[in-house]
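Peer 1: What follows is a structure written as structure tokens; I'll ask about it next.
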Amino acid sequence: MTEPSKVVHVRNVGHEISENDLLQLFQPFGVITKLVMLRAKNQALLQMQDVPSAVNALQFYANIQPSIRGRNVYVQFSSHQELTTMDQSQGRGDEPNRILLVTIHHMLYPITVDVLFQVFSPHGSVEKIVTFQKSAGFQALIQFQSRQSAVNARSTLQGRNIYDGCCQLDIQFSNLDELQVNYNNDRSRDFTNPNLPTEQKGRPSQPGYGDAGNMYAAQGSGGRAVGFPQMANAAAIAAAFGGGLPPGITGTNERSTVLVSNLNSDRIDEDKLFNLFSIYGNIVRIKLLRNKPDHALIQMGDGFQAELAVHFLKGAVLFEKQLEVNFSKHPHITQGADTREYISSNLNRFNRNAAKNYRYCCSPTKIIHLSTLPQDITEEEIVNLVEEHGTVVNSKVFEMSGKKQALVQFENEEQATEALVCKNATTLSGSVIRISFSQLQNI
């Protein structure tokens, strides 16, 4: 096998496959610094920012066959350790370009095409914007009419925050020649062509879905096609589940809204539902149904996260009621006076460390794990916090990587679920506590 390199060699790159297709195929694994299309050979050379990013990509695609526009492509390490000027005859590398690759760090508020246009348009005529989510964060490609406008925008905005104290801009020059935009919506926009449709015909537009849509399919080693609803999740899902998927999870669901019924309407509220469902994905918004007080709609970040929630929570017992959890017929929840918004909540778990949070997904258990605790917390204080929700069988406070954490074991899953739902995100000595189900059998 060729020695690991940050340069990846891609074969069987047909004429229908664009630079943008390849960029989005590898974007979940890290920043791409150079891309060369070798059209005469149906091949491409792609340079990642570092070797670990390239290794992660190839480890993932060793288990799942990458396919673009119905064509399998084959990836391996290149014999090149670095793409030279000669290799880059069709690429720009770090040269100034009219297309910028923007990464947004510490994104506490949602960033849309309109927000980006407001930020970048004062520096020149913006033609196109495409946004997408990767495991490490939110990114956008912004195409200006002229290269000088892009240079001006980068020099002025690099390192600046969109909002006070958050949403920091990290800007590089892309080496793409032209952005391809298929839809005009909150995630992509062609300002030169206002007549584009807002969504793919027959498919509702769903928040959190990258414009790659279902262009990409992944073929598992067993020969069964696994369609990830968005490439943004691919790297995190692969890292969490070793290239496969948990038993019972298909990875093909596209419906991001979940209907929960048989709730205890006297004790449930939106925040309690958020605490439970946010274990399986980011929450966009929640609506309690006025005409059916024991029903609620929950819009998850994407279809994969919704499938995890339906799979792991169906039949769970909360406040003495067995929950019914199913996919809703509604593609999304319309924002209104009777909805609670969570899209910008910093309590959403999957904006950071997505792979780790996917790995912790499971059905409710008897043991809860508490983290982000005060450093001087005692076992007695932990027990006092949660014992009103059930009989505490065992408990333990410990330190990991210099941070205090705790485990609490209840008599049954229902008691543990109630403790999690009621006490997650509560404040203890100035610290906002995070609670998850532990997969340990006992403490």
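Scheme for the structure tokens: letters A, B, ... for chains in order shown; per-chain residue numbers from 1; ligand numbers from 1 in order shown.
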Would you list the contacts of Glu379 in chain A as a list in words, taking every protein, DNA or RNA residue within 8 Å and counting only C-alpha atoms, but skipping same-chain residues closer than 6 positions in sequence?

Peer 2: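 Neighbouring residues, sequence-local ones excluded: Ser395, Lys396, Val397 and Ala406 of chain A.
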
Peer 1: Since we have the selection now, will you write its residues out, keeping C-alpha atoms, as a PDB file, in the first residue's frame?

Peer 2:
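What follows is the written file selection_31.pdb:
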```
ATOM      1  CA  SER A 395     -23.390   6.594  42.413  1.00  0.00           C
ATOM      2  CA  LYS A 396     -19.841   7.626  41.649  1.00  0.00           C
ATOM      3  CA  VAL A 397     -17.996  10.909  41.134  1.00  0.00           C
ATOM      4  CA  ALA A 406     -20.501  11.407  37.712  1.00  0.00           C
TER       5      ALA A 406
END
```

Peer 1: Name the residues in contact with Glu414 in chain A at a cut-off of 10 Å, using only C-alpha atoms, excluding same-chain residues fewer than 3 positions from it; report them as a compact mmCIF listing (two decimals) with N, CA and C atoms, in the first residue's frame.

Peer 2:
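That gives us part.txt:
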```txt
# COMPACT_ATOMS: atom_id res chain seq x y z
N ALA A 316 -40.24 3.95 25.05
CA ALA A 316 -39.64 4.44 26.30
C ALA A 316 -40.75 4.94 27.22
N VAL A 317 -40.53 4.83 28.53
CA VAL A 317 -41.53 5.25 29.51
C VAL A 317 -41.07 6.55 30.18
N LEU A 318 -41.96 7.55 30.17
CA LEU A 318 -41.65 8.84 30.79
C LEU A 318 -42.90 9.33 31.53
N PHE A 319 -42.73 9.66 32.80
CA PHE A 319 -43.84 10.13 33.63
C PHE A 319 -45.01 9.15 33.58
N GLU A 320 -44.67 7.87 33.72
CA GLU A 320 -45.65 6.77 33.81
C GLU A 320 -46.44 6.56 32.52
N LYS A 321 -45.93 7.05 31.41
CA LYS A 321 -46.58 6.85 30.11
C LYS A 321 -45.58 6.25 29.13
N GLN A 322 -46.04 5.25 28.37
CA GLN A 322 -45.17 4.66 27.34
C GLN A 322 -45.29 5.48 26.06
N PRO A 364 -32.94 4.38 26.48
CA PRO A 364 -32.78 4.73 27.89
C PRO A 364 -32.27 3.56 28.72
N THR A 365 -31.37 3.86 29.64
CA THR A 365 -30.79 2.85 30.54
C THR A 365 -31.03 3.27 31.99
N LYS A 366 -30.61 2.43 32.91
CA LYS A 366 -30.78 2.72 34.35
C LYS A 366 -29.74 3.70 34.87
N HIS A 389 -36.31 11.76 41.76
CA HIS A 389 -36.86 11.10 40.57
C HIS A 389 -36.87 9.57 40.67
N GLY A 390 -36.31 9.02 41.74
CA GLY A 390 -36.32 7.57 41.89
C GLY A 390 -35.31 7.11 42.91
N PHE A 410 -30.10 4.12 38.83
CA PHE A 410 -31.44 4.04 39.41
C PHE A 410 -31.95 2.60 39.38
N GLU A 411 -33.12 2.39 39.98
CA GLU A 411 -33.73 1.06 40.01
C GLU A 411 -34.16 0.61 38.62
N THR A 417 -34.71 8.07 33.13
CA THR A 417 -35.21 8.94 32.06
C THR A 417 -35.81 10.22 32.66
N GLU A 418 -36.58 10.08 33.72
CA GLU A 418 -37.18 11.25 34.36
C GLU A 418 -36.10 12.18 34.91
N ALA A 419 -35.07 11.61 35.53
CA ALA A 419 -33.97 12.43 36.07
C ALA A 419 -33.27 13.21 34.95
N LEU A 420 -33.02 12.53 33.84
CA LEU A 420 -32.37 13.19 32.70
C LEU A 420 -33.24 14.31 32.14
```

Peer 1: Please report, as number ranges by chain, each residue of range 7-208 of chain A to which DSSP assigns strand (DSSP E) when run on this structure's backbone.

Peer 2: A: 7-11, 32-38, 43-48, 65-68, 71-72, 74-77, 99-105, 126-134, 137-144, 161-163, 166-173, 188-190

Peer 1: Using only C-alpha atoms, find the one residue out of A:Leu323, A:Ala296, A:Val408, A:Val102 that sits nearest to His369 in chain A.

Peer 2: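 Checking each candidate against His369 in chain A, we get A:Val408 as the closest.
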
Peer 1: Give me, as JSON lines, each residue of range 318-411 of chain A that comes within 12 Å of range 280-290 of chain A, together with its shortest interatomic pair and the distance in Å at one decimal, counting only C-alpha atoms, with rows ordered by chain and rising residue number.

Peer 2:
```
{"residue": "A:His332", "atom": "CA", "partner": "A:Arg285", "partner_atom": "CA", "distance": 9.1}
{"residue": "A:Ile333", "atom": "CA", "partner": "A:Arg285", "partner_atom": "CA", "distance": 7.1}
{"residue": "A:Thr334", "atom": "CA", "partner": "A:Arg285", "partner_atom": "CA", "distance": 8.9}
{"residue": "A:Gln335", "atom": "CA", "partner": "A:Arg285", "partner_atom": "CA", "distance": 7.9}
{"residue": "A:Gly336", "atom": "CA", "partner": "A:Lys287", "partner_atom": "CA", "distance": 9.1}
{"residue": "A:Ala337", "atom": "CA", "partner": "A:Lys287", "partner_atom": "CA", "distance": 9.6}
{"residue": "A:Asp338", "atom": "CA", "partner": "A:Lys287", "partner_atom": "CA", "distance": 6.4}
{"residue": "A:Thr339", "atom": "CA", "partner": "A:Lys287", "partner_atom": "CA", "distance": 4.6}
{"residue": "A:Arg340", "atom": "CA", "partner": "A:Ile286", "partner_atom": "CA", "distance": 5.3}
{"residue": "A:Glu341", "atom": "CA", "partner": "A:Arg285", "partner_atom": "CA", "distance": 4.5}
{"residue": "A:Tyr342", "atom": "CA", "partner": "A:Val284", "partner_atom": "CA", "distance": 5.1}
{"residue": "A:Ile343", "atom": "CA", "partner": "A:Val284", "partner_atom": "CA", "distance": 4.2}
{"residue": "A:Ser344", "atom": "CA", "partner": "A:Val284", "partner_atom": "CA", "distance": 8.0}
{"residue": "A:Ser345", "atom": "CA", "partner": "A:Ile283", "partner_atom": "CA", "distance": 8.5}
{"residue": "A:Asn346", "atom": "CA", "partner": "A:Asn282", "partner_atom": "CA", "distance": 10.0}
{"residue": "A:Leu347", "atom": "CA", "partner": "A:Asn282", "partner_atom": "CA", "distance": 8.8}
{"residue": "A:Asn348", "atom": "CA", "partner": "A:Asn282", "partner_atom": "CA", "distance": 5.2}
{"residue": "A:Arg349", "atom": "CA", "partner": "A:Asn282", "partner_atom": "CA", "distance": 6.4}
{"residue": "A:Phe350", "atom": "CA", "partner": "A:Asn282", "partner_atom": "CA", "distance": 5.8}
{"residue": "A:Asn351", "atom": "CA", "partner": "A:Asn282", "partner_atom": "CA", "distance": 7.6}
{"residue": "A:Arg352", "atom": "CA", "partner": "A:Asn282", "partner_atom": "CA", "distance": 10.6}
{"residue": "A:Asn353", "atom": "CA", "partner": "A:Gly281", "partner_atom": "CA", "distance": 11.7}
{"residue": "A:Ala354", "atom": "CA", "partner": "A:Gly281", "partner_atom": "CA", "distance": 8.9}
{"residue": "A:Ala355", "atom": "CA", "partner": "A:Gly281", "partner_atom": "CA", "distance": 11.2}
{"residue": "A:Lys356", "atom": "CA", "partner": "A:Tyr280", "partner_atom": "CA", "distance": 11.4}
{"residue": "A:Asn357", "atom": "CA", "partner": "A:Tyr280", "partner_atom": "CA", "distance": 7.8}
{"residue": "A:Tyr358", "atom": "CA", "partner": "A:Tyr280", "partner_atom": "CA", "distance": 7.1}
{"residue": "A:Arg359", "atom": "CA", "partner": "A:Tyr280", "partner_atom": "CA", "distance": 9.9}
{"residue": "A:Tyr360", "atom": "CA", "partner": "A:Tyr280", "partner_atom": "CA", "distance": 8.7}
{"residue": "A:Cys361", "atom": "CA", "partner": "A:Tyr280", "partner_atom": "CA", "distance": 6.0}
{"residue": "A:Cys362", "atom": "CA", "partner": "A:Tyr280", "partner_atom": "CA", "distance": 8.4}
{"residue": "A:Ser363", "atom": "CA", "partner": "A:Tyr280", "partner_atom": "CA", "distance": 10.0}
{"residue": "A:Pro364", "atom": "CA", "partner": "A:Tyr280", "partner_atom": "CA", "distance": 11.4}
```

Peer 1: Create the file for the chosen residues now, containing C-alpha atoms and written as an mmCIF file, in the first residue's frame.

Peer 2:
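The result, written out as part.cif:
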```cif
data_model
loop_
_atom_site.group_PDB
_atom_site.id
_atom_site.type_symbol
_atom_site.label_atom_id
_atom_site.label_comp_id
_atom_site.auth_asym_id
_atom_site.auth_seq_id
_atom_site.Cartn_x
_atom_site.Cartn_y
_atom_site.Cartn_z
ATOM 1 C CA HIS A 332 -40.965 20.621 8.966
ATOM 2 C CA ILE A 333 -42.670 22.622 11.710
ATOM 3 C CA THR A 334 -43.790 26.093 10.688
ATOM 4 C CA GLN A 335 -42.424 28.704 13.079
ATOM 5 C CA GLY A 336 -45.159 30.457 15.050
ATOM 6 C CA ALA A 337 -46.413 31.668 18.415
ATOM 7 C CA ASP A 338 -47.055 28.078 19.519
ATOM 8 C CA THR A 339 -43.566 26.763 18.659
ATOM 9 C CA ARG A 340 -40.397 26.846 20.754
ATOM 10 C CA GLU A 341 -37.167 27.580 18.870
ATOM 11 C CA TYR A 342 -33.979 25.635 19.641
ATOM 12 C CA ILE A 343 -31.972 25.964 16.416
ATOM 13 C CA SER A 344 -29.545 28.455 17.977
ATOM 14 C CA SER A 345 -29.459 26.851 21.430
ATOM 15 C CA ASN A 346 -25.938 26.179 22.684
ATOM 16 C CA LEU A 347 -27.425 23.154 24.472
ATOM 17 C CA ASN A 348 -27.638 21.317 21.136
ATOM 18 C CA ARG A 349 -24.999 18.610 21.411
ATOM 19 C CA PHE A 350 -24.117 17.844 17.792
ATOM 20 C CA ASN A 351 -22.571 21.159 16.728
ATOM 21 C CA ARG A 352 -19.346 19.945 18.331
ATOM 22 C CA ASN A 353 -17.937 16.442 18.890
ATOM 23 C CA ALA A 354 -20.630 14.957 16.658
ATOM 24 C CA ALA A 355 -18.887 11.574 16.345
ATOM 25 C CA LYS A 356 -18.650 11.188 20.119
ATOM 26 C CA ASN A 357 -22.313 12.104 20.594
ATOM 27 C CA TYR A 358 -23.454 9.674 17.876
ATOM 28 C CA ARG A 359 -21.454 6.946 19.607
ATOM 29 C CA TYR A 360 -23.288 7.582 22.887
ATOM 30 C CA CYS A 361 -26.754 7.143 21.314
ATOM 31 C CA CYS A 362 -28.707 4.301 22.910
ATOM 32 C CA SER A 363 -32.122 3.469 24.351
ATOM 33 C CA PRO A 364 -32.781 4.731 27.888
#
```

Peer 1: I'd like to know which of A:Leu101, A:Gln139, A:Thr192, A:Pro374 is closest to Ser125 in chain A, using only C-alpha atoms.

Peer 2: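 Among A:Leu101, A:Gln139, A:Thr192, A:Pro374, it is A:Thr192 that comes nearest to Ser125 in chain A.
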
Peer 1: Got a sec: who's within 9 Å of Tyr61 in chain A, counting only C-alpha atoms, leaving out chain neighbours fewer than 2 positions off, as JSON, numbers by chain?

Peer 2: {"A": [56, 57, 58, 59, 63, 64, 65, 66, 74, 75, 218, 243]}

Peer 1: Next, write the just-selected residues to a file, as a short mmCIF file (atom, residue, chain, number, x, y, z; two decimals), in the first residue's frame, keeping C-alpha atoms as the atom set.

Peer 2:
```cif
data_model
loop_
_atom_site.label_atom_id
_atom_site.label_comp_id
_atom_site.auth_asym_id
_atom_site.auth_seq_id
_atom_site.Cartn_x
_atom_site.Cartn_y
_atom_site.Cartn_z
CA ASN A 56 -9.67 9.63 7.93
CA ALA A 57 -11.17 10.02 4.45
CA LEU A 58 -9.56 6.87 3.08
CA GLN A 59 -10.38 4.82 6.18
CA ASN A 63 -15.60 0.56 4.31
CA ILE A 64 -18.14 2.45 2.23
CA GLN A 65 -17.86 2.73 -1.53
CA PRO A 66 -18.12 6.39 -2.59
CA TYR A 74 -12.01 4.87 -6.27
CA VAL A 75 -9.64 6.57 -3.86
CA ALA A 218 -22.56 4.82 -0.05
CA GLY A 243 -17.95 2.70 9.02
#
```

Peer 1: Under the rule that only C-alpha atoms are counted, which of A:Gly303, A:Gly402, A:Gly315, A:Pro28 is the nearest residue to Val260 in chain A?

Peer 2: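 Checking each candidate against Val260 in chain A, we get A:Gly315 as the closest.
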
Peer 1: Could you give me the residues within range 29-218 of chain A that DSSP places in alpha helix (DSSP H), as a PyMOL selection string?

Peer 2: chain A and resi 51-63+113-120+147-157

Peer 1: Quick one: residues within 10 Å of range 10-12 of chain A, only C-alpha atoms counted, chain neighbours fewer than 4 positions away excluded, as a PyMOL selection string?

Peer 2: chain A and resi 17+22+37-38+41-46+71-78
